[in-house]
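Trainee: Before I ask anything, let me first share the structure, which is written out below as C-alpha cells.
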Amino acid sequence: HDHDHDHDHDHDHDHRGLAEISAVIESADLSERARCTALRIFDILAKAEAQAHGVPIDQVHFHEVGAVDSIVDIVAAAICLDDLGIDDVVITGLVEGCGTVRCQHGVLPIPVPAVANIVANEGLPISISSVRGELVTPTGAAIAAAVRTKSALPERFVIKKVGIGAGKRSYERPSLVRAMLIEEAGTSASSADVATPHGGPFVWKLETEVDDCSGEALGYAMECLFAAGAREAHYAPVFMKKNRPAYQIQVLCAEEDIAVLEQVLFEETTTIGVRRTPMQRTVLPREIVPIETAFGPMRAKRVVLPDGAVRLYPEYEDVARVSRERKVAYQEVYREALCSCSAASSSSLS
C-alpha cells in the first residue's frame with residue numbers, strides 16, 4: 001500500500017472519524033464478508049491512532065487514511081480477498097525501514113506510532129531493515145493484522161498464482177509486495193476424488209501398529225505426517241499379541257501422498273509394515289462465512305445437512321484470536337460466537 005505519510009503537495013485530505021467511515025462502508029454495495037473485513041481494518045487503525053494521540057476511539061479523526069482514495073483502497077483489499085474466496089492468510093512478518101518520515105504531525109520515527117501500536121496490539125512480528133524510509137504504513141499494517149490467520153507457511157505447498165505490487169518510491173532495493181495464492185500439498189482433490197460416486201471424496205487410509213515406540217517419537221511423527229500432507233492422523237490405544245499395550249496409527253490421505261506419508265511412518269516410527277485401504281466418505285457442503293458478534297466480526301463454518309438444515313460453528317482461529325486480543329476466557333468468546341451462529345442460522349431459514 002503506498003498511501004505514505006510524506007505528503008508534500010497541496011492536495012487536501014478529508015478528516016473523517018471512525019463513525020463516518022463506518023457509515024460509508026455500511027451503506028456501500030458490498031458482500032457481508034467484504035464489509036466485515038473493511039470494518040475490522042478501520043477498527044484496528046482507529047484503536048492504534050487513539051493510542052497514539054491519547055484520545056478515545058470516537059474522537060479519532062483520520063487524515064491521510066480518511067481520504068476517499070484511501071477508503072477505496074482498504075475496501076478494495078477486502079473485496080479482492082472475498083472475490084478470491086480466501087479463508088486463510090499467512091503473514092510470517094512485516095519488514096520495516098528505518099529513519100524518520102514527515103507527516104501532518106511533523107517528523108516521526110520509523111515505525112511510526114500507529115504502526116508500532118498495531119503490531120503490538122495484534123501480535124504481528126516485525127523486523128527492521130537497513131532501507132531508509134517507511135516500508136510499512138498504518139494502512140498496510142492494519143490490513144495485514146485484519147486478514148492474517150496464520151504466521152507460518154505450510155512445509156509443503158503448491159503455488160497457484162502470484163501477484164506483485166510496486167510502490168511509487170525509489171529505494172536502494174525494489175519497492176515490491178508479493179502475494180502468493182497457495183494450496184497446502186495433499187489438500188486438493190485427486191483424479192480419484194473427482195470420479196468417486198456418492199458425492200464424497202475418495203481417500204486412502206494408511207494403518208499400522210507399534211508397541212515399541214516412545215510417546216515423544218509418536219508426537220513428532222504426528223507433526224511430520226500433517227506437514228507431509230495428511231488429511232487426518234490419529235493414534236488409538238490397542239493390545240497386540242502377547243498382551244502388549246500398543247498404539248494403532250491411522251492416516252487419511254490422497255492417493256498421490258501415499259508414498260511420502262509411508263516414508264514418514266517408516267522413518268519416524270518403529271513400524272515395519274503399513275496397510276493401505278481405499279475408502280469413500282460422504283462430505284457435507286461447507287463454507288466459511290462472516291458473523292457479527294459482541295466482540296466484533298468473526299468467521300464461522302456453515303455446514304448444510306442432507307435435509308437442507310444449516311449449522312454454523314465458530315472458527316477456532318478467530319475465537320482464539322479474540323480471546324488473546326481481548327484477554328477474555330476462550331469459553332466466554334466461544335459462547336458469544338455460538339449465539340451469533342445460532343442467530344445467523346435462524347435468520348437464514350426465515
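Chain labels run A, B, ... following the order of the C-alpha cells; each chain numbers its residues from 1, and ligands are numbered from 1 in the order shown.
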At a cut-off of 8 Å, using only C-alpha atoms, what residues contact Leu252 in chain A? Leave out same-chain residues fewer than 6 positions from it and give the result as a PyMOL selection string.

Mentor: chain A and resi 203-206+230-233

Trainee: Among range 93-250 of chain A, which ones does DSSP assign to strand (DSSP E or B) (computed from the backbone)? Answer as number ranges by chain.

Mentor: A: 94-98, 100-103, 106-109, 126-132, 150, 157-166, 176-184, 202-210, 232-240, 244-250

Trainee: Can you pull out every residue within 9 Å of Val131 in chain A, counting only C-alpha atoms, but drop anything in the same chain fewer than 3 positions away, and send it as a ChimeraX atom specification?

Mentor: /A:96-99,128,134-135,171-173

Trainee: DSSP on the backbone, alpha helix (DSSP H) only: what residues of range 77-315 of chain A does that give? Format it as a VMD selection string.

Mentor: chain A and resid 77 to 84 113 to 122 138 to 147 191 to 195 215 to 227 258 to 268

Trainee: Write out the residues from the selection above, keeping C-alpha atoms, as a PDB file, in the first residue's frame.

Mentor:
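Once written, selection_9.pdb looks like this:
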```pdb
ATOM      1  CA  ALA A  77      -8.499  -5.078  -0.494  1.00  0.00           C
ATOM      2  CA  ALA A  78     -11.469  -6.539   1.395  1.00  0.00           C
ATOM      3  CA  ILE A  79     -13.385  -7.099  -1.848  1.00  0.00           C
ATOM      4  CA  CYS A  80     -10.415  -8.800  -3.529  1.00  0.00           C
ATOM      5  CA  LEU A  81      -9.987 -11.273  -0.670  1.00  0.00           C
ATOM      6  CA  ASP A  82     -13.706 -12.005  -0.729  1.00  0.00           C
ATOM      7  CA  ASP A  83     -13.820 -12.460  -4.512  1.00  0.00           C
ATOM      8  CA  LEU A  84     -10.839 -14.832  -4.388  1.00  0.00           C
ATOM      9  CA  PRO A 113       3.445   5.304  16.391  1.00  0.00           C
ATOM     10  CA  ALA A 114       0.329   3.934  14.659  1.00  0.00           C
ATOM     11  CA  VAL A 115       2.291   1.084  13.062  1.00  0.00           C
ATOM     12  CA  ALA A 116       4.050   0.333  16.352  1.00  0.00           C
ATOM     13  CA  ASN A 117       0.680   0.204  18.125  1.00  0.00           C
ATOM     14  CA  ILE A 118      -0.854  -2.089  15.502  1.00  0.00           C
ATOM     15  CA  VAL A 119       1.949  -4.644  15.578  1.00  0.00           C
ATOM     16  CA  ALA A 120       1.911  -4.564  19.391  1.00  0.00           C
ATOM     17  CA  ASN A 121      -1.872  -4.883  19.694  1.00  0.00           C
ATOM     18  CA  GLU A 122      -2.214  -7.590  17.059  1.00  0.00           C
ATOM     19  CA  PRO A 138      -0.517   2.162   9.198  1.00  0.00           C
ATOM     20  CA  THR A 139      -2.935   1.162   6.442  1.00  0.00           C
ATOM     21  CA  GLY A 140      -0.735  -1.706   5.299  1.00  0.00           C
ATOM     22  CA  ALA A 141      -0.164  -2.895   8.857  1.00  0.00           C
ATOM     23  CA  ALA A 142      -3.903  -2.736   9.618  1.00  0.00           C
ATOM     24  CA  ILE A 143      -4.795  -4.755   6.513  1.00  0.00           C
ATOM     25  CA  ALA A 144      -2.182  -7.360   7.418  1.00  0.00           C
ATOM     26  CA  ALA A 145      -3.417  -7.559  11.002  1.00  0.00           C
ATOM     27  CA  ALA A 146      -7.065  -7.807   9.976  1.00  0.00           C
ATOM     28  CA  VAL A 147      -6.705 -10.611   7.462  1.00  0.00           C
ATOM     29  CA  SER A 191      -8.457 -37.620 -10.094  1.00  0.00           C
ATOM     30  CA  ALA A 192      -9.902 -40.434  -7.982  1.00  0.00           C
ATOM     31  CA  ASP A 193     -11.591 -37.858  -5.720  1.00  0.00           C
ATOM     32  CA  VAL A 194     -13.362 -36.262  -8.652  1.00  0.00           C
ATOM     33  CA  ALA A 195     -14.524 -39.600 -10.108  1.00  0.00           C
ATOM     34  CA  GLY A 215       5.407 -41.089  23.164  1.00  0.00           C
ATOM     35  CA  GLU A 216       7.898 -38.389  22.210  1.00  0.00           C
ATOM     36  CA  ALA A 217       8.636 -40.097  18.893  1.00  0.00           C
ATOM     37  CA  LEU A 218       4.935 -40.543  18.154  1.00  0.00           C
ATOM     38  CA  GLY A 219       4.256 -36.882  18.892  1.00  0.00           C
ATOM     39  CA  TYR A 220       6.974 -35.827  16.467  1.00  0.00           C
ATOM     40  CA  ALA A 221       5.746 -38.321  13.862  1.00  0.00           C
ATOM     41  CA  MET A 222       2.269 -36.757  14.029  1.00  0.00           C
ATOM     42  CA  GLU A 223       3.719 -33.325  13.217  1.00  0.00           C
ATOM     43  CA  CYS A 224       5.631 -34.790  10.273  1.00  0.00           C
ATOM     44  CA  LEU A 225       2.537 -36.569   8.927  1.00  0.00           C
ATOM     45  CA  PHE A 226       0.487 -33.366   8.799  1.00  0.00           C
ATOM     46  CA  ALA A 227       3.400 -31.415   7.332  1.00  0.00           C
ATOM     47  CA  ILE A 258       0.759 -42.259  -0.028  1.00  0.00           C
ATOM     48  CA  ALA A 259       4.456 -42.679  -0.791  1.00  0.00           C
ATOM     49  CA  VAL A 260       5.686 -39.664   1.178  1.00  0.00           C
ATOM     50  CA  LEU A 261       3.451 -40.463   4.162  1.00  0.00           C
ATOM     51  CA  GLU A 262       4.572 -44.088   4.257  1.00  0.00           C
ATOM     52  CA  GLN A 263       8.147 -42.815   4.240  1.00  0.00           C
ATOM     53  CA  VAL A 264       7.337 -40.698   7.302  1.00  0.00           C
ATOM     54  CA  LEU A 265       5.872 -43.725   9.090  1.00  0.00           C
ATOM     55  CA  PHE A 266       8.906 -45.888   8.324  1.00  0.00           C
ATOM     56  CA  GLU A 267      11.442 -43.190   9.213  1.00  0.00           C
ATOM     57  CA  GLU A 268       9.811 -41.654  12.286  1.00  0.00           C
TER      58      GLU A 268
END
```

Trainee: So that I can check the surroundings of Ala152 in chain A, please list as a list of chain:residue names every protein, DNA and RNA residue that reaches within 10 Å of it, counting only C-alpha atoms and ignoring chain neighbours fewer than 2 positions away.

Mentor: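 Near neighbours after the sequence-gap exclusion: A:Val89, A:Val90, A:Ile91, A:Thr92, A:Gly93, A:Thr149, A:Lys150, A:Pro154, A:Glu155.
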
Trainee: Between A:Val289, A:Glu32, A:Ala19, A:Val101, which is the closest to Val60 in chain A once you count only C-alpha atoms?

Mentor: A:Ala19

Trainee: Give me the residues near Val24 in chain A as a compact mmCIF listing (two decimals) with N, CA and C atoms, in the first residue's frame, where near means some atom within 12 Å (using only C-alpha atoms) and where sequence neighbours in that chain fewer than 3 positions away do not count.

Mentor:
```
# COMPACT_ATOMS: atom_id res chain seq x y z
N ARG A 16 -11.96 12.41 8.52
CA ARG A 16 -13.17 11.70 8.86
C ARG A 16 -12.95 10.87 10.11
N GLY A 17 -13.99 10.72 10.91
CA GLY A 17 -13.92 9.86 12.09
C GLY A 17 -14.33 8.45 11.75
N LEU A 18 -14.15 7.55 12.73
CA LEU A 18 -14.48 6.15 12.50
C LEU A 18 -15.96 5.97 12.21
N ALA A 19 -16.82 6.71 12.90
CA ALA A 19 -18.27 6.57 12.69
C ALA A 19 -18.65 6.96 11.26
N GLU A 20 -18.04 8.04 10.75
CA GLU A 20 -18.35 8.47 9.38
C GLU A 20 -17.89 7.44 8.36
N ILE A 21 -16.67 6.94 8.55
CA ILE A 21 -16.15 5.95 7.61
C ILE A 21 -16.96 4.66 7.68
N SER A 27 -23.11 1.53 4.10
CA SER A 27 -24.08 1.87 3.05
C SER A 27 -23.62 1.42 1.66
N ALA A 28 -22.40 0.94 1.56
CA ALA A 28 -21.86 0.53 0.26
C ALA A 28 -22.44 -0.81 -0.17
N ASP A 29 -22.44 -1.06 -1.46
CA ASP A 29 -22.96 -2.30 -2.02
C ASP A 29 -21.86 -3.36 -1.96
N LEU A 30 -21.70 -3.98 -0.78
CA LEU A 30 -20.65 -4.96 -0.56
C LEU A 30 -21.25 -6.27 -0.05
N ARG A 35 -17.55 -6.45 3.77
CA ARG A 35 -17.88 -5.36 4.69
C ARG A 35 -17.25 -5.58 6.06
N ALA A 38 -13.46 -4.91 5.88
CA ALA A 38 -13.15 -3.48 5.80
C ALA A 38 -13.36 -2.79 7.14
N LEU A 39 -14.45 -3.11 7.81
CA LEU A 39 -14.73 -2.51 9.12
C LEU A 39 -13.67 -2.90 10.14
N PHE A 42 -10.47 -0.80 9.61
CA PHE A 42 -10.58 0.56 10.16
C PHE A 42 -10.65 0.55 11.68
N GLY A 66 -8.31 9.02 5.92
CA GLY A 66 -9.69 9.47 5.79
C GLY A 66 -10.05 9.91 4.40
N VAL A 68 -10.90 9.83 0.45
CA VAL A 68 -11.73 8.89 -0.29
C VAL A 68 -10.91 7.81 -0.97
N ILE A 71 -9.91 5.16 1.53
CA ILE A 71 -11.06 4.32 1.90
C ILE A 71 -11.30 3.29 0.80
N VAL A 72 -11.21 3.76 -0.44
CA VAL A 72 -11.40 2.86 -1.58
C VAL A 72 -10.34 1.76 -1.58
N VAL A 75 -11.24 -0.82 1.18
CA VAL A 75 -12.42 -1.59 0.79
C VAL A 75 -12.09 -2.51 -0.38
```

Trainee: I'd like the contact shell of Asp211 in chain A - 8 Å cut-off, only C-alpha atoms, skipping same-chain residues fewer than 6 positions apart - returned as a short mmCIF file (atom, residue, chain, number, x, y, z; two decimals) with C-alpha atoms, in the first residue's frame.

Mentor:
```
data_model
loop_
_atom_site.label_atom_id
_atom_site.label_comp_id
_atom_site.auth_asym_id
_atom_site.auth_seq_id
_atom_site.Cartn_x
_atom_site.Cartn_y
_atom_site.Cartn_z
CA MET A 240 -1.29 -56.64 20.46
CA ARG A 244 1.43 -55.84 24.79
CA PRO A 245 -0.08 -52.33 25.08
CA ALA A 246 0.46 -50.53 21.78
CA TYR A 247 -0.79 -47.75 19.51
#
```

Trainee: Quick one: residues within 12 Å of Tyr313 in chain A, only C-alpha atoms counted, chain neighbours fewer than 6 positions away excluded, as a VMD selection string?

Mentor: chain A and resid 286 to 291 298 to 304 319 334 to 345

Trainee: For a test of reading the model, state the distance in Å between CA of Leu305 in chain A and CA of Glu183 in chain A, rounded to one decimal.

Mentor: 26.5 Å
